[in-house]
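With PDB, C-alpha atoms inside, this is my_file-v5.pdb:
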ATOM      1  CA  MET A   1      -0.956  13.795  21.544
ATOM      2  CA  PHE A   2      -0.758  10.704  19.373
ATOM      3  CA  VAL A   3      -1.794   7.651  21.363
ATOM      4  CA  LEU A   4      -2.137   3.893  21.190
ATOM      5  CA  SER A   5      -5.375   3.118  22.983
ATOM      6  CA  ALA A   6      -5.183   0.672  25.882
ATOM      7  CA  GLU A   7      -7.601  -1.719  24.207
ATOM      8  CA  VAL A   8      -5.725  -1.808  20.907
ATOM      9  CA  GLY A   9      -2.357  -1.893  22.663
ATOM     10  CA  CYS A  10      -3.313  -4.877  24.829
ATOM     11  CA  PHE A  11      -4.650  -6.738  21.787
ATOM     12  CA  TYR A  12      -1.456  -6.304  19.811
ATOM     13  CA  SER A  13       0.723  -6.988  22.837
ATOM     14  CA  ALA A  14      -0.982 -10.316  23.454
ATOM     15  CA  ARG A  15      -0.792 -11.369  19.821
ATOM     16  CA  VAL A  16       2.823 -10.254  19.407
ATOM     17  CA  ASP A  17       4.084 -11.933  22.591
ATOM     18  CA  ASP A  18       2.728 -15.235  21.295
ATOM     19  CA  LEU A  19       5.061 -14.951  18.299
ATOM     20  CA  PHE A  20       8.333 -14.363  20.100
ATOM     21  CA  SER A  21      10.199 -16.679  22.461
ATOM     22  CA  SER A  22      12.085 -13.768  24.030
ATOM     23  CA  PRO A  23      10.411 -10.943  25.983
ATOM     24  CA  ILE A  24      10.589  -7.262  25.133
ATOM     25  CA  THR A  25      13.772  -5.756  26.591
ATOM     26  CA  ALA A  26      15.699  -2.491  26.452
ATOM     27  CA  SER A  27      17.324  -3.819  23.263
ATOM     28  CA  THR A  28      14.041  -4.359  21.410
ATOM     29  CA  CYS A  29      13.556  -2.151  18.322
ATOM     30  CA  TYR A  30      10.240  -0.865  17.013
ATOM     31  CA  CYS A  31       8.381  -0.169  13.790
ATOM     32  CA  ALA A  32       4.850   1.185  13.556
ATOM     33  CA  VAL A  33       2.002   2.198  11.303
ATOM     34  CA  TYR A  34       0.294   5.578  11.723
ATOM     35  CA  GLY A  35      -3.226   6.277  10.531
ATOM     36  CA  GLN A  36      -6.659   7.618  11.435
ATOM     37  CA  PRO A  37      -8.569   5.383  11.828
ATOM     38  CA  ILE A  38      -6.107   2.583  12.570
ATOM     39  CA  ARG A  39      -8.105  -0.225  14.229
ATOM     40  CA  HIS A  40      -8.672  -1.902  10.859
ATOM     41  CA  SER A  41      -4.949  -2.121  10.032
ATOM     42  CA  ALA A  42      -3.633  -5.597   9.237
ATOM     43  CA  SER A  43      -0.007  -4.436   9.138
ATOM     44  CA  PRO A  44       0.962  -5.609  12.658
ATOM     45  CA  ALA A  45      -0.531  -9.026  11.931
ATOM     46  CA  MET A  46       1.555  -9.239   8.754
ATOM     47  CA  HIS A  47       4.853  -7.795   9.977
ATOM     48  CA  ASN A  48       5.256  -9.345  13.417
ATOM     49  CA  PRO A  49       5.329 -12.964  12.156
ATOM     50  CA  ALA A  50       7.832 -11.840   9.511
ATOM     51  CA  LEU A  51      10.069 -10.245  12.150
ATOM     52  CA  ALA A  52       9.909 -13.446  14.216
ATOM     53  CA  GLU A  53      10.750 -15.519  11.126
ATOM     54  CA  LEU A  54      13.807 -13.333  10.480
ATOM     55  CA  GLY A  55      14.904 -13.723  14.096
ATOM     56  CA  LEU A  56      14.815  -9.972  14.759
ATOM     57  CA  ASP A  57      14.223  -8.547  18.227
ATOM     58  CA  TRP A  58      11.791  -6.001  16.764
ATOM     59  CA  ARG A  59       8.102  -5.315  17.320
ATOM     60  CA  TYR A  60       5.600  -3.696  14.969
ATOM     61  CA  LEU A  61       2.863  -1.528  16.535
ATOM     62  CA  ALA A  62      -0.130   0.534  15.390
ATOM     63  CA  PHE A  63      -0.891   4.109  16.489
ATOM     64  CA  GLU A  64      -3.873   6.380  15.995
ATOM     65  CA  VAL A  65      -2.405   9.687  14.791
ATOM     66  CA  ALA A  66      -4.403  12.786  13.849
ATOM     67  CA  SER A  67      -3.395  14.693  10.718
ATOM     68  CA  ASP A  68      -2.413  17.827  12.616
ATOM     69  CA  GLU A  69      -0.113  15.761  14.865
ATOM     70  CA  LEU A  70       1.619  13.720  12.166
ATOM     71  CA  GLY A  71       4.789  15.813  12.177
ATOM     72  CA  GLN A  72       5.059  15.472  15.942
ATOM     73  CA  ALA A  73       4.487  11.713  15.721
ATOM     74  CA  ILE A  74       7.173  11.250  13.054
ATOM     75  CA  ALA A  75       9.608  13.371  15.076
ATOM     76  CA  GLY A  76       8.823  11.296  18.163
ATOM     77  CA  ALA A  77       9.599   8.026  16.394
ATOM     78  CA  LYS A  78      12.808   9.537  15.037
ATOM     79  CA  ALA A  79      13.870  10.707  18.500
ATOM     80  CA  MET A  80      13.137   7.256  19.955
ATOM     81  CA  ARG A  81      15.160   5.607  17.177
ATOM     82  CA  TYR A  82      12.343   3.605  15.642
ATOM     83  CA  ILE A  83      13.461   1.464  12.712
ATOM     84  CA  GLY A  84      10.722   2.774  10.450
ATOM     85  CA  LEU A  85       7.097   3.694   9.920
ATOM     86  CA  ASN A  86       4.267   2.900   7.555
ATOM     87  CA  LEU A  87       1.656   5.550   6.842
ATOM     88  CA  THR A  88      -1.935   4.978   5.833
ATOM     89  CA  VAL A  89      -4.975   7.216   5.334
ATOM     90  CA  PRO A  90      -4.891  10.204   5.638
ATOM     91  CA  HIS A  91      -1.135  10.755   5.954
ATOM     92  CA  LYS A  92       0.550   9.783   2.684
ATOM     93  CA  LEU A  93       0.453  13.204   1.038
ATOM     94  CA  LEU A  94       1.032  15.176   4.240
ATOM     95  CA  ALA A  95       4.246  13.292   4.962
ATOM     96  CA  LEU A  96       5.916  14.561   1.788
ATOM     97  CA  ASP A  97       6.808  17.756   3.658
ATOM     98  CA  MET A  98       7.543  16.079   6.987
ATOM     99  CA  VAL A  99      10.516  13.855   6.180
ATOM    100  CA  ASP A 100      14.129  14.957   5.839
ATOM    101  CA  VAL A 101      14.662  13.471   2.399
ATOM    102  CA  LEU A 102      12.576  11.737  -0.276
ATOM    103  CA  ASP A 103      13.512   8.567  -2.081
ATOM    104  CA  GLU A 104      13.025   8.610  -5.846
ATOM    105  CA  SER A 105       9.906   6.464  -5.415
ATOM    106  CA  ALA A 106       8.194   9.079  -3.234
ATOM    107  CA  GLU A 107       9.231  11.893  -5.565
ATOM    108  CA  THR A 108       7.947   9.981  -8.593
ATOM    109  CA  TRP A 109       4.544   9.073  -7.171
ATOM    110  CA  GLY A 110       4.004  12.087  -4.939
ATOM    111  CA  ALA A 111       3.151  10.180  -1.767
ATOM    112  CA  VAL A 112       4.924   8.601   1.215
ATOM    113  CA  ASN A 113       3.675   5.351   2.722
ATOM    114  CA  THR A 114       6.976   4.151   4.214
ATOM    115  CA  ILE A 115       9.578   5.972   6.303
ATOM    116  CA  CYS A 116      13.007   4.556   7.032
ATOM    117  CA  PHE A 117      15.080   6.153   9.790
ATOM    118  CA  GLU A 118      18.743   6.291   8.841
ATOM    119  CA  ALA A 119      21.947   6.927  10.800
ATOM    120  CA  LYS A 120      24.889   8.908   9.430
ATOM    121  CA  GLY A 121      28.155   7.050   9.815
ATOM    122  CA  GLU A 122      31.593   8.523  10.324
ATOM    123  CA  ASP A 123      32.160   8.093   6.595
ATOM    124  CA  GLY A 124      29.139  10.317   5.874
ATOM    125  CA  ILE A 125      27.080   7.450   4.496
ATOM    126  CA  TRP A 126      23.460   7.126   5.624
ATOM    127  CA  THR A 127      22.432   3.603   6.632
ATOM    128  CA  PRO A 128      18.986   2.333   7.753
ATOM    129  CA  LEU A 129      18.896   1.994  11.546
ATOM    130  CA  GLY A 130      17.865  -1.618  11.135
ATOM    131  CA  GLN A 131      21.173  -2.238   9.376
ATOM    132  CA  ALA A 132      23.357   0.249  11.304
ATOM    133  CA  LEU A 133      24.476  -1.640  14.374
ATOM    134  CA  GLY A 134      26.173   0.643  16.873
ATOM    135  CA  GLN A 135      25.321   3.838  14.949
ATOM    136  CA  ALA A 136      21.927   4.639  16.466
ATOM    137  CA  HIS A 137      23.289   7.372  18.736
ATOM    138  CA  GLY A 138      24.577   9.638  15.960
ATOM    139  CA  GLU A 139      22.699  11.909  13.572
ATOM    140  CA  VAL A 140      19.443  10.368  12.337
ATOM    141  CA  ARG A 141      17.164  11.365   9.459
ATOM    142  CA  ALA A 142      13.760  10.279   8.146
ATOM    143  CA  LYS A 143      13.694   9.115   4.518
ATOM    144  CA  GLY A 144      10.339   8.794   2.756
ATOM    145  CA  TYR A 145       9.532   6.018   0.296
ATOM    146  CA  ASN A 146       6.537   4.877  -1.703
ATOM    147  CA  THR A 147       6.056   1.115  -1.864
ATOM    148  CA  ASP A 148       2.389   1.268  -2.914
ATOM    149  CA  ALA A 149       3.259   1.614  -6.596
ATOM    150  CA  ASP A 150       5.332  -1.563  -6.619
ATOM    151  CA  GLY A 151       2.622  -3.229  -4.552
ATOM    152  CA  ILE A 152      -0.035  -2.772  -7.223
ATOM    153  CA  THR A 153       2.103  -3.957 -10.142
ATOM    154  CA  LEU A 154       3.403  -6.997  -8.267
ATOM    155  CA  ALA A 155      -0.135  -7.934  -7.233
ATOM    156  CA  LEU A 156      -1.353  -7.721 -10.832
ATOM    157  CA  GLN A 157       1.586  -9.785 -12.042
ATOM    158  CA  GLN A 158       1.477 -12.394  -9.275
ATOM    159  CA  ASP A 159      -2.275 -12.759  -8.737
ATOM    160  CA  LEU A 160      -3.556 -12.321 -12.285
ATOM    161  CA  GLY A 161      -0.478 -13.281 -14.317
ATOM    162  CA  LEU A 162      -0.563 -10.010 -16.231
ATOM    163  CA  ASP A 163       2.240  -8.563 -18.317
ATOM    164  CA  LEU A 164       1.292  -4.908 -18.041
ATOM    165  CA  ALA A 165       2.984  -3.599 -21.163
ATOM    166  CA  GLY A 166       0.450  -3.071 -23.942
ATOM    167  CA  LEU A 167      -2.678  -3.718 -21.885
ATOM    168  CA  ARG A 168      -6.008  -1.947 -22.369
ATOM    169  CA  VAL A 169      -7.268  -0.881 -18.931
ATOM    170  CA  LEU A 170     -10.557   0.484 -17.619
ATOM    171  CA  PHE A 171      -9.615   2.274 -14.403
ATOM    172  CA  LEU A 172     -12.225   3.248 -11.802
ATOM    173  CA  GLY A 173     -11.218   6.001  -9.356
ATOM    174  CA  ALA A 174      -8.765   8.875  -9.628
ATOM    175  CA  GLY A 175      -7.805   9.913  -6.101
ATOM    176  CA  GLY A 176      -5.409   8.775  -3.386
ATOM    177  CA  ALA A 177      -4.081   5.277  -4.010
ATOM    178  CA  GLY A 178      -5.929   5.247  -7.331
ATOM    179  CA  ARG A 179      -3.867   8.124  -8.687
ATOM    180  CA  VAL A 180      -0.600   6.376  -7.787
ATOM    181  CA  ALA A 181      -1.805   3.102  -9.309
ATOM    182  CA  ALA A 182      -2.897   4.740 -12.581
ATOM    183  CA  LEU A 183       0.419   6.562 -12.928
ATOM    184  CA  LYS A 184       2.329   3.354 -12.207
ATOM    185  CA  LEU A 185       0.382   1.438 -14.856
ATOM    186  CA  ALA A 186       1.197   4.168 -17.370
ATOM    187  CA  LYS A 187       4.875   3.994 -16.443
ATOM    188  CA  GLU A 188       4.767   0.221 -16.941
ATOM    189  CA  GLY A 189       3.622   0.814 -20.509
ATOM    190  CA  VAL A 190      -0.086  -0.008 -20.642
ATOM    191  CA  ALA A 191      -1.376   0.940 -24.078
ATOM    192  CA  GLU A 192      -4.723   2.440 -23.051
ATOM    193  CA  LEU A 193      -6.154   3.876 -19.844
ATOM    194  CA  HIS A 194      -9.850   4.710 -19.695
ATOM    195  CA  LEU A 195     -10.421   6.729 -16.518
ATOM    196  CA  VAL A 196     -13.808   6.808 -14.799
ATOM    197  CA  ASN A 197     -14.382   8.824 -11.632
ATOM    198  CA  ARG A 198     -17.411  10.146  -9.783
ATOM    199  CA  THR A 199     -15.962  13.636 -10.057
ATOM    200  CA  ARG A 200     -15.092  14.007 -13.707
ATOM    201  CA  ALA A 201     -12.759  16.951 -13.110
ATOM    202  CA  LYS A 202     -10.457  14.799 -11.001
ATOM    203  CA  ALA A 203     -10.276  12.218 -13.777
ATOM    204  CA  VAL A 204      -9.484  14.968 -16.278
ATOM    205  CA  ASP A 205      -6.656  16.233 -14.067
ATOM    206  CA  LEU A 206      -5.212  12.741 -13.762
ATOM    207  CA  ALA A 207      -5.524  12.155 -17.509
ATOM    208  CA  ASN A 208      -3.602  15.368 -18.180
ATOM    209  CA  GLU A 209      -0.884  14.342 -15.732
ATOM    210  CA  ILE A 210      -0.538  10.966 -17.438
ATOM    211  CA  ARG A 211      -0.317  12.596 -20.885
ATOM    212  CA  ASP A 212       2.418  14.915 -19.653
ATOM    213  CA  ARG A 213       4.485  12.271 -17.879
ATOM    214  CA  PHE A 214       3.807   9.114 -19.910
ATOM    215  CA  PRO A 215       2.775  10.195 -23.429
ATOM    216  CA  SER A 216       3.087   6.680 -24.872
ATOM    217  CA  THR A 217      -0.069   5.647 -22.988
ATOM    218  CA  ALA A 218      -3.314   6.662 -24.690
ATOM    219  CA  VAL A 219      -5.528   8.031 -21.935
ATOM    220  CA  SER A 220      -9.178   9.039 -22.083
ATOM    221  CA  VAL A 221     -11.886  10.013 -19.594
ATOM    222  CA  GLY A 222     -14.963   7.791 -19.659
ATOM    223  CA  TYR A 223     -15.853   4.272 -20.679
ATOM    224  CA  PRO A 224     -14.453   2.726 -23.871
ATOM    225  CA  ASP A 225     -16.679   2.775 -26.933
ATOM    226  CA  ASN A 226     -19.171  -0.072 -27.053
ATOM    227  CA  ALA A 227     -18.026  -1.032 -30.518
ATOM    228  CA  SER A 228     -14.474  -1.712 -29.367
ATOM    229  CA  GLY A 229     -15.013  -1.871 -25.635
ATOM    230  CA  ASN A 230     -13.041  -4.987 -24.720
ATOM    231  CA  VAL A 231     -10.337  -4.418 -22.098
ATOM    232  CA  ASP A 232      -7.615  -6.643 -20.709
ATOM    233  CA  LEU A 233      -8.077  -5.338 -17.181
ATOM    234  CA  LEU A 234     -10.720  -3.538 -15.163
ATOM    235  CA  LEU A 235      -9.296  -2.099 -11.942
ATOM    236  CA  ASN A 236     -11.430  -0.699  -9.147
ATOM    237  CA  ALA A 237      -9.649   1.920  -7.032
ATOM    238  CA  THR A 238     -12.839   3.325  -5.475
ATOM    239  CA  SER A 239     -14.235   2.477  -2.037
ATOM    240  CA  LEU A 240     -17.448   1.070  -3.492
ATOM    241  CA  GLY A 241     -17.687  -2.514  -2.293
ATOM    242  CA  LEU A 242     -16.532  -2.007   1.271
ATOM    243  CA  LYS A 243     -20.156  -2.143   2.453
ATOM    244  CA  VAL A 244     -22.581  -4.908   1.557
ATOM    245  CA  ASP A 245     -25.175  -2.445   0.269
ATOM    246  CA  ASP A 246     -22.766  -0.437  -1.901
ATOM    247  CA  ALA A 247     -23.633   0.060  -5.543
ATOM    248  CA  LEU A 248     -21.314  -1.401  -8.149
ATOM    249  CA  PRO A 249     -18.437   0.941  -9.065
ATOM    250  CA  ILE A 250     -19.275   0.568 -12.776
ATOM    251  CA  ASP A 251     -22.249   1.702 -14.830
ATOM    252  CA  GLU A 252     -23.437  -1.552 -16.384
ATOM    253  CA  ASN A 253     -25.325   0.409 -19.016
ATOM    254  CA  GLN A 254     -21.986   1.665 -20.290
ATOM    255  CA  PHE A 255     -19.771  -1.347 -19.720
ATOM    256  CA  ASN A 256     -20.500  -5.072 -19.605
ATOM    257  CA  LEU A 257     -18.171  -7.114 -17.420
ATOM    258  CA  SER A 258     -18.021  -9.832 -20.051
ATOM    259  CA  HIS A 259     -15.862  -7.400 -22.030
ATOM    260  CA  ALA A 260     -13.075  -7.574 -19.420
ATOM    261  CA  GLU A 261     -10.507 -10.372 -19.397
ATOM    262  CA  ALA A 262      -9.506  -9.727 -15.766
ATOM    263  CA  VAL A 263     -10.878  -7.688 -12.859
ATOM    264  CA  PHE A 264      -8.839  -6.437  -9.909
ATOM    265  CA  ASP A 265     -10.499  -4.814  -6.897
ATOM    266  CA  MET A 266      -8.166  -2.919  -4.552
ATOM    267  CA  ILE A 267     -10.596  -3.700  -1.715
ATOM    268  CA  TYR A 268      -9.542  -6.815   0.230
ATOM    269  CA  GLN A 269     -12.246  -6.931   2.872
ATOM    270  CA  PRO A 270     -14.689  -8.425   2.085
ATOM    271  CA  ALA A 271     -12.676 -10.989   0.145
ATOM    272  CA  GLU A 272     -15.257 -11.011  -2.638
ATOM    273  CA  THR A 273     -16.921  -7.700  -3.386
ATOM    274  CA  PRO A 274     -20.111  -7.539  -5.467
ATOM    275  CA  LEU A 275     -17.932  -6.419  -8.387
ATOM    276  CA  LEU A 276     -15.689  -9.480  -8.119
ATOM    277  CA  ALA A 277     -18.683 -11.801  -7.730
ATOM    278  CA  LYS A 278     -20.295 -10.457 -10.917
ATOM    279  CA  ALA A 279     -16.966 -10.506 -12.740
ATOM    280  CA  GLU A 280     -16.351 -14.136 -11.856
ATOM    281  CA  ALA A 281     -19.862 -15.019 -12.999
ATOM    282  CA  ALA A 282     -19.090 -13.254 -16.277
ATOM    283  CA  GLY A 283     -16.035 -15.458 -16.798
ATOM    284  CA  CYS A 284     -13.337 -12.935 -15.796
ATOM    285  CA  ARG A 285     -10.168 -13.794 -13.920
ATOM    286  CA  THR A 286     -10.384 -11.968 -10.589
ATOM    287  CA  ALA A 287      -8.253 -10.895  -7.638
ATOM    288  CA  ASN A 288      -8.751  -8.639  -4.645
ATOM    289  CA  GLY A 289      -6.378  -6.143  -3.027
ATOM    290  CA  LEU A 290      -4.780  -8.493  -0.507
ATOM    291  CA  GLY A 291      -1.783  -8.915  -2.786
ATOM    292  CA  MET A 292      -1.291  -5.166  -3.007
ATOM    293  CA  LEU A 293      -1.271  -4.916   0.797
ATOM    294  CA  LEU A 294       1.160  -7.827   0.973
ATOM    295  CA  TRP A 295       3.671  -6.533  -1.553
ATOM    296  CA  GLN A 296       3.827  -2.976  -0.272
ATOM    297  CA  GLY A 297       4.575  -4.469   3.150
ATOM    298  CA  VAL A 298       7.201  -6.799   1.704
ATOM    299  CA  LYS A 299       8.984  -3.867   0.066
ATOM    300  CA  ALA A 300       8.869  -1.795   3.270
ATOM    301  CA  LEU A 301      10.318  -4.625   5.350
ATOM    302  CA  GLU A 302      13.130  -5.135   2.860
ATOM    303  CA  ILE A 303      14.005  -1.422   2.981
ATOM    304  CA  TRP A 304      14.255  -1.553   6.784
ATOM    305  CA  THR A 305      16.111  -4.857   7.138
ATOM    306  CA  GLY A 306      18.181  -5.141   3.971
ATOM    307  CA  GLN A 307      17.033  -8.767   3.847
ATOM    308  CA  SER A 308      14.617 -10.689   1.668
ATOM    309  CA  ALA A 309      11.206 -10.713   3.322
ATOM    310  CA  PRO A 310       9.514 -14.062   4.150
ATOM    311  CA  VAL A 311       6.714 -13.507   1.647
ATOM    312  CA  GLU A 312       4.729 -16.676   2.294
ATOM    313  CA  VAL A 313       4.813 -16.148   6.068
ATOM    314  CA  MET A 314       3.431 -12.652   5.530
ATOM    315  CA  ARG A 315       0.805 -13.850   3.054
ATOM    316  CA  ASP A 316      -0.429 -16.601   5.380
ATOM    317  CA  ALA A 317      -0.514 -14.232   8.353
ATOM    318  CA  LEU A 318      -2.535 -11.653   6.406
ATOM    319  CA  SER A 319      -5.018 -14.228   5.198
ATOM    320  CA  ALA A 320      -5.450 -15.700   8.680
ATOM    321  CA  HIS A 321      -5.904 -12.282  10.258
ATOM    322  CA  ILE A 322      -8.355 -10.899   7.719
ATOM    323  CA  TYR A 323     -10.287 -13.987   6.662
ATOM    324  CA  GLY A 324      -9.777 -16.304   9.647
ATOM    325  CA  ASP A 325      -7.896 -18.908   7.618
ATOM    326  CA  GLY A 326      -5.451 -21.354   9.088
TER     327      GLY A 326
END

File written out as structure tokens:
Amino acid sequence: MFVLSAEVGCFYSARVDDLFSSPITASTCYCAVYGQPIRHSASPAMHNPALAELGLDWRYLAFEVASDELGQAIAGAKAMRYIGLNLTVPHKLLALDMVDVLDESAETWGAVNTICFEAKGEDGIWTPLGQALGQAHGEVRAKGYNTDADGITLALQQDLGLDLAGLRVLFLGAGGAGRVAALKLAKEGVAELHLVNRTRAKAVDLANEIRDRFPSTAVSVGYPDNASGNVDLLLNATSLGLKVDDALPIDENQFNLSHAEAVFDMIYQPAETPLLAKAEAAGCRTANGLGMLLWQGVKALEIWTGQSAPVEVMRDALSAHIYGDG
């Protein structure tokens, strides 16, 4: 069975109760994030202050869910009339076949990181449960979304001030979230994408997909030529940098960081990876992945509530939770 461990549950319960003046009752609604592992998730710390700010009698929880029990866990949340779910590693691809319907965003990017449970009204119109007062006892379906793609572009725009159209990009990593991010950059009209991945075949597959779907973007596998190697953006979508003794995700013999105007690392903990430290020393504008985490959460909350999310409340809560600020 999928479970929320007692230790994790008590931790979140204590933190959440501090945010709300009213206790949990039979009227309280729930959202959750599923993943394996899940202890690292900052989503409850980001969403619960936002729910309190919006005055909603909702709570956001975190559950450890194994891959072979994901379908059961989604069905359980649907049966219990949860408002919605977020999905993290390793569930985003698996969920494509486990929801009742896919939003265009999930179909476009081939992954689901957000589920919204919807009720069917007497008029036949499906409405998110968080916006369907009095309709929660009728037919309910699970609709899958992808908010990761918007999360990466908004982070690049907000944190680095980048207009993506026409950019030259060196992109490190070709799997999981990296694939979605590379496809989204191509859709946004970047001029060049140079793909580098530990397994070259995966980079080749992604390059072919980009050529087929977004032919206006010039895509190549490998580092740009030294003679004309300047790029507007270097983006790291690998896991290198999570550990203090990790090697850099780039081969410095093939690319010098001084040739990049800006560097974005999708890793947000630690706040400054070795890549970002070297990039800043080389004079690059830099940003980590906190903004990506923020904006995908903002988009999910807005899908569930139909309201504008309190972005600054969520940003401050994330920063305080992850970095101990405030």

Leaving out Ala281 (chain A) and any residue of its chain fewer than 4 positions from it, which residues lie within 9 Å of it when counting only C-alpha atoms, given as a list in words? Ser258, Leu276 and Ala277 of chain A

With C-alpha atoms retained, export the selected residues as a CSV table (one decimal), in the frame of the given file.
chain,number,residue,atom,x,y,z
A,258,SER,CA,-18.0,-9.8,-20.1
A,276,LEU,CA,-15.7,-9.5,-8.1
A,277,ALA,CA,-18.7,-11.8,-7.7

Evaluating the PyMOL selection byres ((chain A and resi 157) around 12) on the displayed file yields which residues, as a ChimeraX atom specification? /A:150-156,158-165,185,188,233,262,264,287,291-292,295

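The gap separating CA of Ala177 (chain A) from CA of Ala203 (chain A) is 13.5 Å, in Å to one decimal.
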
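Between CA of Ile125 (chain A) and CA of Val33 (chain A) the separation is 26.5 Å.
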
Tell me which of A:Val112, A:Ala45, A:Val298, A:Cys31 sits closest to Leu85 (chain A), counting all atoms listed in the file. A:Cys31

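With distances taken over all atoms listed in the file, A:Ile210 is the one residue among A:Leu70, A:Ala271, A:Val65, A:Ile210 lying closest to Leu183 (chain A).
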
Starting from the displayed file, determine the output of the PyMOL selection byres ((chain A and resi 239-251) around 10) and express the residue list as a ChimeraX atom specification. /A:170-173,196-198,223,234,236-238,252-257,265-276,278

Around all the atoms of region 161-171 of chain A listed in the file, with 5 Å of room on each side, what axis-aligned box do you get, giving centre and edge lengths in Å to one decimal, as AutoDock Vina command-line options?
--center_x -3.8 --center_y -5.5 --center_z -19.1 --size_x 23.5 --size_y 25.6 --size_z 19.6

Selection: 8 Å around Val140 (chain A), all atoms listed in the file, excl. self and same-chain fewer than 5 positions, as a VMD selection string: chain A and resid 78 117 to 120

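Taking CA of Val313 (chain A) as the reference point, CA of Ala50 (chain A) is found at 6.3 Å.
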
I'd like the neighbourhood of region 321-325 of chain A as an mmCIF file with C-alpha atoms, in the coordinates of the input, where a residue qualifies if any of its atoms comes within 12 Å (using all atoms listed in the file), though same-chain residues fewer than 5 positions away should be ignored.
data_model
loop_
_atom_site.group_PDB
_atom_site.id
_atom_site.type_symbol
_atom_site.label_atom_id
_atom_site.label_comp_id
_atom_site.auth_asym_id
_atom_site.auth_seq_id
_atom_site.Cartn_x
_atom_site.Cartn_y
_atom_site.Cartn_z
ATOM 1 C CA ARG A 15 -0.792 -11.369 19.821
ATOM 2 C CA HIS A 40 -8.672 -1.902 10.859
ATOM 3 C CA SER A 41 -4.949 -2.121 10.032
ATOM 4 C CA ALA A 42 -3.633 -5.597 9.237
ATOM 5 C CA SER A 43 -0.007 -4.436 9.138
ATOM 6 C CA PRO A 44 0.962 -5.609 12.658
ATOM 7 C CA ALA A 45 -0.531 -9.026 11.931
ATOM 8 C CA MET A 46 1.555 -9.239 8.754
ATOM 9 C CA HIS A 47 4.853 -7.795 9.977
ATOM 10 C CA ASN A 48 5.256 -9.345 13.417
ATOM 11 C CA PRO A 49 5.329 -12.964 12.156
ATOM 12 C CA TYR A 268 -9.542 -6.815 0.230
ATOM 13 C CA GLN A 269 -12.246 -6.931 2.872
ATOM 14 C CA PRO A 270 -14.689 -8.425 2.085
ATOM 15 C CA ALA A 271 -12.676 -10.989 0.145
ATOM 16 C CA GLU A 272 -15.257 -11.011 -2.638
ATOM 17 C CA GLY A 289 -6.378 -6.143 -3.027
ATOM 18 C CA LEU A 290 -4.780 -8.493 -0.507
ATOM 19 C CA LEU A 293 -1.271 -4.916 0.797
ATOM 20 C CA MET A 314 3.431 -12.652 5.530
ATOM 21 C CA ARG A 315 0.805 -13.850 3.054
ATOM 22 C CA ASP A 316 -0.429 -16.601 5.380
#

Excluding same-chain residues fewer than 3 positions from Val204 (chain A), what lies within 10 Å of it counting all atoms listed in the file, as a list in words? Ala174, Leu195, Val196, Asn197, Thr199, Arg200, Ala201, Ala207, Asn208, Glu209, Ile210, Val219, Ser220, Val221 and Gly222 of chain A

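Once the PyMOL selection byres ((chain A and resi 94) around 9) is applied to the depicted file, the selected set reads Ser67, Leu70, Gly71, Pro90, His91, Lys92, Leu93, Ala95, Leu96, Asp97, Met98, Ala111 and Val112 of chain A.
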
Smallest atom-to-atom distance to Glu192 (chain A): which of A:Val180, A:Val231, A:Ala317, A:Cys284, using all atoms listed in the file? A:Val231
